[in-house]
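Text of the file structure.txt, holding compact mmCIF, C-alpha atoms:
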# COMPACT_ATOMS: atom_id res chain seq x y z
CA GLN C 194 101.20 101.70 88.67
CA SER C 195 97.52 102.60 89.20
CA ALA C 196 95.40 100.86 91.78
CA LEU C 197 93.04 98.13 90.65
CA THR C 198 89.45 99.38 90.38
CA GLN C 199 86.79 98.17 92.82
CA PRO C 200 83.27 99.51 93.46
CA PRO C 201 83.24 101.76 96.54
CA SER C 202 80.42 99.86 98.16
CA VAL C 203 78.08 96.88 97.85
CA SER C 204 75.29 95.80 100.14
CA GLY C 205 72.96 92.91 100.70
CA SER C 206 70.55 91.42 103.18
CA PRO C 207 71.47 88.47 105.38
CA GLY C 208 71.43 85.25 103.37
CA GLN C 209 71.85 87.00 100.03
CA SER C 210 74.92 86.88 97.79
CA VAL C 211 77.11 89.83 96.87
CA THR C 212 79.93 90.05 94.35
CA ILE C 213 82.83 92.48 94.42
CA SER C 214 84.70 93.16 91.19
CA CYS C 215 88.37 94.02 90.81
CA THR C 216 89.30 95.40 87.41
CA GLY C 217 92.87 95.64 86.25
CA THR C 218 94.66 95.35 82.94
CA SER C 219 96.41 92.80 80.77
CA SER C 220 99.58 93.62 82.74
CA ASP C 221 98.23 92.39 86.03
CA VAL C 222 94.87 90.65 86.62
CA GLY C 223 94.56 89.60 83.00
CA SER C 224 97.96 87.94 82.74
CA TYR C 225 98.47 86.26 86.09
CA ASN C 226 96.47 84.05 88.44
CA ARG C 227 98.07 85.95 91.30
CA VAL C 228 95.04 87.74 92.67
CA SER C 229 94.28 87.68 96.38
CA TRP C 230 91.49 89.15 98.50
CA TYR C 231 91.58 90.62 102.01
CA GLN C 232 88.88 91.38 104.56
CA GLN C 233 89.40 94.30 106.93
CA PRO C 234 86.82 95.07 109.64
CA PRO C 235 87.16 98.60 111.06
CA GLY C 236 90.23 99.16 113.20
CA THR C 237 91.78 95.78 112.50
CA ALA C 238 94.52 94.34 110.32
CA PRO C 239 93.60 92.79 106.97
CA LYS C 240 92.89 89.06 106.76
CA LEU C 241 93.63 86.86 103.75
CA MET C 242 90.42 85.39 102.30
CA ILE C 243 91.40 84.15 98.83
CA TYR C 244 94.75 83.59 97.08
CA GLU C 245 95.69 82.66 93.51
CA VAL C 246 92.21 83.76 92.34
CA THR C 247 90.23 80.83 93.75
CA ASN C 248 92.03 79.26 96.71
CA ARG C 249 90.74 79.61 100.29
CA PRO C 250 93.15 79.43 103.23
CA SER C 251 92.15 77.01 105.95
CA GLY C 252 89.62 78.54 108.31
CA VAL C 253 87.98 80.78 105.72
CA PRO C 254 84.30 79.82 105.28
CA ASP C 255 83.36 78.31 101.93
CA ARG C 256 80.81 81.10 101.58
CA PHE C 257 83.72 83.08 100.16
CA SER C 258 84.74 82.25 96.61
CA GLY C 259 86.90 83.85 93.94
CA SER C 260 86.92 83.86 90.16
CA LYS C 261 88.42 85.68 87.20
CA SER C 262 87.38 86.59 83.67
CA GLY C 263 89.72 88.53 81.45
CA ASN C 264 91.05 91.58 83.30
CA THR C 265 88.46 91.36 86.10
CA ALA C 266 88.64 89.25 89.24
CA SER C 267 85.67 88.80 91.54
CA LEU C 268 84.98 87.86 95.15
CA THR C 269 81.55 86.41 95.92
CA ILE C 270 80.12 86.13 99.41
CA SER C 271 77.23 83.70 99.50
CA GLY C 272 74.79 83.51 102.39
CA LEU C 273 75.79 86.94 103.65
CA GLN C 274 76.15 87.25 107.42
CA ALA C 275 76.38 90.26 109.72
CA GLU C 276 80.01 89.40 110.53
CA ASP C 277 80.92 89.81 106.85
CA GLU C 278 80.48 93.58 107.12
CA ALA C 279 83.94 94.98 106.42
CA ASP C 280 86.16 96.54 103.79
CA TYR C 281 87.50 94.19 101.13
CA TYR C 282 90.60 94.67 99.01
CA CYS C 283 91.97 92.80 96.03
CA PHE C 284 95.68 92.55 95.30
CA SER C 285 97.60 91.45 92.23
CA TYR C 286 101.08 90.86 90.95
CA THR C 287 101.89 93.06 87.94
CA SER C 288 104.39 92.74 85.12
CA SER C 289 105.87 96.17 85.69
CA SER C 290 107.72 97.57 88.68
CA PRO C 291 106.91 97.71 91.49
CA PHE C 292 105.14 94.43 90.65
CA ASN C 293 102.53 94.72 93.40
CA VAL C 294 99.22 96.63 93.50
CA PHE C 295 96.12 96.75 95.72
CA GLY C 296 92.60 97.52 94.67
CA THR C 297 90.79 100.67 95.75
CA GLY C 298 88.69 98.80 98.32
CA THR C 299 84.99 98.00 98.70
CA LYS C 300 82.83 98.47 101.75
CA VAL C 301 80.37 95.63 102.24
CA THR C 302 77.27 96.52 104.22
CA VAL C 303 74.85 93.94 105.55
CA LEU C 304 71.39 95.51 105.58
CA GLU B 75 101.90 81.22 117.67
CA VAL B 76 102.75 82.83 114.36
CA GLN B 77 102.97 86.55 115.00
CA LEU B 78 104.21 89.88 113.67
CA VAL B 79 104.53 92.87 115.99
CA GLU B 80 105.35 96.32 114.67
CA SER B 81 106.87 99.16 116.68
CA GLY B 82 108.56 102.50 116.18
CA GLY B 83 105.69 104.63 115.00
CA GLY B 84 104.99 108.09 116.34
CA LEU B 85 104.80 111.80 115.59
CA VAL B 86 107.56 113.28 113.44
CA GLN B 87 108.02 116.65 111.75
CA PRO B 88 108.07 116.98 107.97
CA GLY B 89 111.55 116.20 106.70
CA GLY B 90 112.28 114.00 109.68
CA SER B 91 113.14 110.33 109.94
CA LEU B 92 111.73 107.29 111.67
CA ARG B 93 112.62 103.59 111.75
CA LEU B 94 109.90 101.01 112.05
CA SER B 95 110.55 97.49 113.31
CA CYS B 96 108.57 94.30 112.89
CA ALA B 97 109.38 91.39 115.21
CA ALA B 98 108.49 87.98 113.85
CA SER B 99 107.87 84.82 115.85
CA GLY B 100 106.43 81.35 115.41
CA PHE B 101 107.81 80.71 111.92
CA THR B 102 111.07 80.53 109.98
CA PHE B 103 111.50 84.25 109.30
CA SER B 104 114.62 83.77 107.16
CA SER B 105 112.63 81.78 104.58
CA GLN B 106 109.91 84.33 103.91
CA TRP B 107 109.51 87.31 101.61
CA MET B 108 108.36 90.22 103.77
CA HIS B 109 106.43 93.36 102.83
CA TRP B 110 105.34 96.71 104.26
CA VAL B 111 101.84 97.99 103.48
CA ARG B 112 100.39 101.29 104.65
CA GLN B 113 96.94 102.79 105.12
CA ALA B 114 96.32 106.51 105.47
CA PRO B 115 93.47 107.47 107.82
CA GLY B 116 90.15 106.59 106.19
CA LYS B 117 91.86 105.39 103.01
CA GLY B 118 92.72 102.10 101.35
CA LEU B 119 95.67 99.75 101.57
CA VAL B 120 98.79 100.74 99.64
CA TRP B 121 101.73 98.45 99.01
CA VAL B 122 105.03 100.06 100.08
CA SER B 123 108.00 97.72 99.87
CA VAL B 124 109.25 94.12 99.68
CA ILE B 125 112.43 92.28 100.63
CA LYS B 126 113.67 88.84 99.62
CA PRO B 127 114.36 86.25 102.35
CA ASP B 128 118.13 86.76 102.21
CA GLY B 129 117.81 90.54 101.91
CA SER B 130 119.53 90.65 98.53
CA THR B 131 116.57 92.06 96.60
CA THR B 132 114.23 94.90 97.48
CA ASN B 133 111.58 96.95 95.70
CA TYR B 134 109.58 100.06 96.50
CA ALA B 135 106.46 101.93 95.50
CA ASP B 136 107.29 104.99 93.41
CA SER B 137 105.92 107.26 96.16
CA VAL B 138 108.62 106.18 98.64
CA LYS B 139 111.52 105.22 96.37
CA GLY B 140 114.70 107.03 97.36
CA ARG B 141 113.32 107.96 100.79
CA PHE B 142 112.47 104.62 102.42
CA THR B 143 114.77 101.63 102.90
CA ILE B 144 113.59 98.14 103.79
CA SER B 145 115.99 95.76 105.52
CA ARG B 146 115.97 92.69 107.72
CA ASP B 147 118.06 90.96 110.37
CA ASN B 148 117.38 87.25 110.08
CA ALA B 149 119.40 86.55 113.22
CA LYS B 150 117.00 88.76 115.17
CA ASN B 151 113.86 87.74 113.22
CA THR B 152 113.18 91.41 112.60
CA LEU B 153 112.10 93.46 109.59
CA TYR B 154 112.80 97.18 109.35
CA LEU B 155 111.62 100.20 107.41
CA GLN B 156 113.86 103.26 107.55
CA MET B 157 111.84 106.30 106.54
CA ASN B 158 113.65 109.53 105.68
CA SER B 159 112.50 112.90 104.32
CA LEU B 160 109.03 112.22 105.64
CA ARG B 161 106.07 114.12 104.21
CA ALA B 162 102.55 114.76 105.46
CA GLU B 163 101.28 112.26 102.88
CA ASP B 164 103.30 109.50 104.56
CA THR B 165 100.94 109.71 107.55
CA ALA B 166 99.43 106.24 107.83
CA VAL B 167 99.24 103.00 109.76
CA TYR B 168 102.13 100.83 108.60
CA PHE B 169 101.63 97.07 108.54
CA CYS B 170 104.30 94.44 108.07
CA THR B 171 103.09 91.27 106.41
CA ARG B 172 104.39 87.88 105.38
CA ALA B 173 104.05 86.54 101.86
CA GLY B 174 103.45 83.05 103.17
CA ALA B 175 100.77 82.01 100.68
CA PRO B 176 101.57 82.02 96.95
CA TYR B 177 101.66 85.69 95.92
CA ALA B 178 99.55 86.59 98.95
CA PHE B 179 99.93 87.96 102.48
CA ASP B 180 98.84 85.39 105.05
CA ILE B 181 100.06 86.95 108.30
CA TRP B 182 99.77 90.64 109.28
CA GLY B 183 100.96 92.66 112.20
CA GLN B 184 98.61 94.94 114.12
CA GLY B 185 100.12 98.04 112.53
CA THR B 186 101.99 101.07 113.88
CA MET B 187 100.81 104.65 113.34
CA VAL B 188 103.12 107.22 111.79
CA THR B 189 102.02 110.85 111.89
CA VAL B 190 103.99 113.46 109.97
CA SER B 191 103.02 116.93 111.16
CA SER B 192 104.53 120.13 112.45
Written as structure tokens, that's how I'd like the structure from this file.
Amino acid sequence: QSALTQPPSVSGSPGQSVTISCTGTSSDVGSYNRVSWYQQPPGTAPKLMIYEVTNRPSGVPDRFSGSKSGNTASLTISGLQAEDEADYYCFSYTSSSPFNVFGTGTKVTVL
Amino acid sequence: EVQLVESGGGLVQPGGSLRLSCAASGFTFSSQWMHWVRQAPGKGLVWVSVIKPDGSTTNYADSVKGRFTISRDNAKNTLYLQMNSLRAEDTAVYFCTRAGAPYAFDIWGQGTMVTVSS
């Protein structure tokens, strides 16, 4: 099972919006609404930001939103803030063993 | 407080073994699917293994299948990862995590470092 494909890096100025893509196949992202997103600042454990493509856990700012089109899921951060600087990973259920796969990760830089 | 705390990491020689533990507290451990995820230094997250709440079903990434064994003791609220025949490429921080949100990991431990080197 190959990792889902994410851009290595994206950047934006404070207040701008950035979007991170997560491209899979018809066996994972394209077939299931089981995509989640995680934020990982350096040296810390990952934090759940989005689950089931669009749902935000309580406590996650509404600046973070998720969507999906075909085999590509996306995470958008609106009104970018300095504290959003971190690595972001997508994750999806897949139809083939081992049924779980992460994305390659994207570093978000706030200029 | 809902919490996961890993332990058992360390330095081990290639071919050696190590058992990681993950102590859970603040939630009903026996009701939750639990996973191990690892991250090599400077690299991305990689899913490793999963175990069903009652321990009856497990699954593994191809890279560790046949070498690693996930297990749990619901009476002790503890998750385990037995790692045998360790290789240099197994060097990573190992996180335990709870699948508490639908198909997503809502609680993570702080991670434990495993270094495989001679």
Inset, instruction - When you get a sec, could you note down which chain B residues fall within 6 Å of chain C, using all atoms listed in the file, as a ChimeraX atom specification? - result: /B:135,177-178,180,184
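Selecting by distance to (106.6, 100.9, 115.1) with a limit of 7 Å and using all atoms listed in the file, one obtains B:Glu80, B:Ser81, B:Gly82, B:Gly83, B:Leu94, B:Ser95, B:Thr186.
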If you count only C-alpha atoms, which residues fall within 7 Å of B:Gln106, apart from same-chain ones fewer than 2 positions away, as a compact mmCIF listing (two decimals) with C-alpha atoms, in the coordinates of the input?
# COMPACT_ATOMS: atom_id res chain seq x y z
CA PHE B 103 111.50 84.25 109.30
CA SER B 104 114.62 83.77 107.16
CA MET B 108 108.36 90.22 103.77
CA PRO B 127 114.36 86.25 102.35
CA ARG B 172 104.39 87.88 105.38
CA ALA B 173 104.05 86.54 101.86
CA GLY B 174 103.45 83.05 103.17
Legend entry - Two-atom distance - atom CA of C:Ser288, atom CA of C:Ser220 (Å): 5.4 Å
Inset, instruction - Please tell me which residues are no farther than 9 Å from (102.1, 109.7, 108.8) in the file, counting all atoms listed in the file, and write them as a ChimeraX atom specification. - result: /B:83-86,114-115,160-168,187-191
Inset, instruction - Would you mind listing what lies within 8 Å of B:Met157 as an MDAnalysis selection string, with all atoms listed in the file counted and same-chain residues fewer than 4 positions away left out? - result: chainID B and resid 91:94 141:143
Legend entry - Given all atoms listed in the file as the counted atoms, nearest of B:Lys150, B:Ser123, B:Ser192, B:Glu75 to B:Pro88: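 Comparing B:Lys150, B:Ser123, B:Ser192, B:Glu75 against B:Pro88, the winner is B:Ser192.
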Inset, instruction - Tell me, in Å to one decimal, how far atom CA of B:His109 is from atom CA of B:Leu153. - result: 8.8 Å
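When atom CA of C:Gly252 is paired with atom CA of B:Ile181, their separation reads 13.4 Å.
The closest residue to B:Ala97, picked from B:Leu119, B:Val124, B:Cys170, B:Ile144 and counting only C-alpha atoms, is B:Cys170.
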Inset, instruction - Quick one: everything within 9 Å of C:Thr212, counting only C-alpha atoms, minus sequence neighbours fewer than 3 positions away in the same chain. Send it as a ChimeraX atom specification. - result: /C:203,267-271
Mind dumping the selected residues with C-alpha atoms as a CSV table (one decimal), keeping the file's coordinate frame?
chain,number,residue,atom,x,y,z
C,203,VAL,CA,78.1,96.9,97.8
C,267,SER,CA,85.7,88.8,91.5
C,268,LEU,CA,85.0,87.9,95.2
C,269,THR,CA,81.6,86.4,95.9
C,270,ILE,CA,80.1,86.1,99.4
C,271,SER,CA,77.2,83.7,99.5
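Residues in contact with B:Gly183 at up to 6 Å, not including ones fewer than 4 positions away on its chain and judged by all atoms listed in the file, are Leu78, Val79, Phe169 and Cys170 of chain B.
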Inset, instruction - Within 9 Å of C:Val301, counting only C-alpha atoms, which residues show up once you throw out same-chain ones fewer than 2 positions away? Write them as a ChimeraX atom specification, please. - result: /C:201-205,211,213,277-281,299,303
